[in-house]
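J.: Pasting a structure below so you can have a look.
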Amino acid sequence: MDRIKDKAVLLSVNDPDKILPLDNSYKFYYIAKKSTVNVLAYKMLNESTIDKILYLLHGVVITRVRNNLVDNGVIHRKTGNVVLFIKDNKTILHKKDISLYPITKPGHKYQFRPNPYIGVIDLETNISKEDSSKVFVAGFLTNENLNKPVTYYIDSVNFKTY
């Protein structure tokens with residue numbers, strides 16, 4: 001643990017990856033993977049709760065997991081904003097806390113500016129003998145041609161527009 005603390009001196013006090021307070025009741029394990037070495041800090045908080053903190057060797061917290069054994073062999077696992085309920089090594093419930101922020105009114109007054117490239121397409125349909133919708137009129141209107149909408153009538157026999 002001293003090695004992690006020595007390498008973590010560059011992390012500020014307010015950094016979310018700062019070293020969490022650990023006491024002598026934590027057990028530490030090196031976990032060697034292909035290219036990284038991590039440290040797992042493990043502590044039994046009481047007979048039904050385990051706290052696990054996984055660190056990179058330079059002191060950054062990768063994840064913190066708290067397992068709590070509740071009724072009938074169900075484990076309540078919390079990591080960050082995710083909570084899992086596990087029974088017989090299968091997840092039976094998954095919850096995620098999501099922070100929703102209200103839409104705020106803009107601080108400045110909105111000024112409307114017309115955009116000549118915005119338009120509307122209108123399709124008129126009827127149901128054919130095959131029980132599908134067929135377009136028989138298509139209309140188009142933009143801010144540029146407000147007084148002159150473009151309309152196409154489709155001839156169902158020859159499929160020509162007029």
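Labels for the structure tokens follow display order: chains A, B, ..., residues from 1 in each chain, ligands from 1.
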Pick out the residues sitting within 6 Å of Asn67 in chain A, and hand them over as an MDAnalysis selection string; count only C-alpha atoms, and ignore anything fewer than 4 positions along from it in its own chain.
T.: chainID A and resid 49:50 76:77
J.: Which residues are close to Leu146 in chain A, i.e. within 12 Å by only C-alpha atoms, leaving aside same-chain residues fewer than 5 positions away? Reply as a list in words.
T.: Pro116, Tyr117, Ile118, Gly119, Val120, Phe140 and Leu141 of chain A
J.: Those same residues - C-alpha atoms - I'd like them written as a CSV table (one decimal), in the first residue's frame.
T.:
```csv
chain,number,residue,atom,x,y,z
A,116,PRO,CA,-35.4,29.8,-46.4
A,117,TYR,CA,-34.2,26.2,-46.6
A,118,ILE,CA,-36.8,24.8,-44.1
A,119,GLY,CA,-39.7,23.2,-45.9
A,120,VAL,CA,-42.7,20.9,-45.5
A,140,PHE,CA,-43.9,20.7,-51.0
A,141,LEU,CA,-43.6,24.2,-49.5
```
J.: Quick one: residues within 8 Å of range 25-41 of chain A, only C-alpha atoms, excluding same-chain residues fewer than 5 positions away - as a ChimeraX atom specification?
T.: /A:1,52-57
J.: If DSSP is run on the backbone, what residues of range 40-110 of chain A are strand (DSSP E)? A reply as a PyMOL selection string would be ideal.
T.: chain A and resi 40-46+49-56+61-69+75-79+82-87+90-96
J.: May I have the selected residues written with C-alpha atoms, as a PDB file, in the first residue's frame?
T.:
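Output saved as again_24.pdb:
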```pdb
ATOM      1  CA  LEU A  40      -7.025  -5.241  -4.509  1.00  0.00           C
ATOM      2  CA  ALA A  41      -7.833  -3.880  -1.061  1.00  0.00           C
ATOM      3  CA  TYR A  42     -10.290  -6.235   0.641  1.00  0.00           C
ATOM      4  CA  LYS A  43     -12.092  -5.777   3.960  1.00  0.00           C
ATOM      5  CA  MET A  44     -14.897  -7.555   5.814  1.00  0.00           C
ATOM      6  CA  LEU A  45     -16.936  -4.684   7.283  1.00  0.00           C
ATOM      7  CA  ASN A  46     -19.191  -7.084   9.197  1.00  0.00           C
ATOM      8  CA  THR A  49     -20.645  -6.983   4.082  1.00  0.00           C
ATOM      9  CA  ILE A  50     -17.417  -6.971   2.066  1.00  0.00           C
ATOM     10  CA  ASP A  51     -15.688  -3.873   0.675  1.00  0.00           C
ATOM     11  CA  LYS A  52     -13.331  -4.257  -2.318  1.00  0.00           C
ATOM     12  CA  ILE A  53     -11.271  -1.470  -3.901  1.00  0.00           C
ATOM     13  CA  LEU A  54      -9.208  -2.134  -7.033  1.00  0.00           C
ATOM     14  CA  TYR A  55      -6.251   0.207  -7.621  1.00  0.00           C
ATOM     15  CA  LEU A  56      -3.800   0.679 -10.421  1.00  0.00           C
ATOM     16  CA  VAL A  61      -8.943   3.782  -8.109  1.00  0.00           C
ATOM     17  CA  ILE A  62     -10.306   1.559 -10.883  1.00  0.00           C
ATOM     18  CA  THR A  63     -13.443   0.477  -9.087  1.00  0.00           C
ATOM     19  CA  ARG A  64     -14.982   0.069  -5.672  1.00  0.00           C
ATOM     20  CA  VAL A  65     -17.476  -2.691  -4.987  1.00  0.00           C
ATOM     21  CA  ARG A  66     -19.467  -3.335  -1.839  1.00  0.00           C
ATOM     22  CA  ASN A  67     -21.155  -6.716  -1.468  1.00  0.00           C
ATOM     23  CA  ASN A  68     -23.840  -7.170   1.159  1.00  0.00           C
ATOM     24  CA  LEU A  69     -25.479 -10.519   1.846  1.00  0.00           C
ATOM     25  CA  ILE A  75     -26.152 -10.566  -2.654  1.00  0.00           C
ATOM     26  CA  HIS A  76     -26.659  -6.802  -2.977  1.00  0.00           C
ATOM     27  CA  ARG A  77     -23.677  -5.510  -5.003  1.00  0.00           C
ATOM     28  CA  LYS A  78     -23.113  -1.754  -5.344  1.00  0.00           C
ATOM     29  CA  THR A  79     -20.475  -0.189  -7.543  1.00  0.00           C
ATOM     30  CA  VAL A  82     -25.108   0.547 -10.340  1.00  0.00           C
ATOM     31  CA  VAL A  83     -26.773  -1.923  -7.957  1.00  0.00           C
ATOM     32  CA  LEU A  84     -27.064  -5.629  -8.714  1.00  0.00           C
ATOM     33  CA  PHE A  85     -29.020  -8.268  -6.837  1.00  0.00           C
ATOM     34  CA  ILE A  86     -27.396 -11.669  -7.369  1.00  0.00           C
ATOM     35  CA  LYS A  87     -28.618 -15.135  -6.394  1.00  0.00           C
ATOM     36  CA  LYS A  90     -27.185 -15.010 -11.606  1.00  0.00           C
ATOM     37  CA  THR A  91     -28.286 -11.381 -11.693  1.00  0.00           C
ATOM     38  CA  ILE A  92     -31.928 -11.195 -10.645  1.00  0.00           C
ATOM     39  CA  LEU A  93     -32.243  -7.399 -10.590  1.00  0.00           C
ATOM     40  CA  HIS A  94     -30.184  -4.570 -12.088  1.00  0.00           C
ATOM     41  CA  LYS A  95     -30.674  -0.927 -11.063  1.00  0.00           C
ATOM     42  CA  LYS A  96     -28.859   2.178 -12.230  1.00  0.00           C
TER      43      LYS A  96
END
```
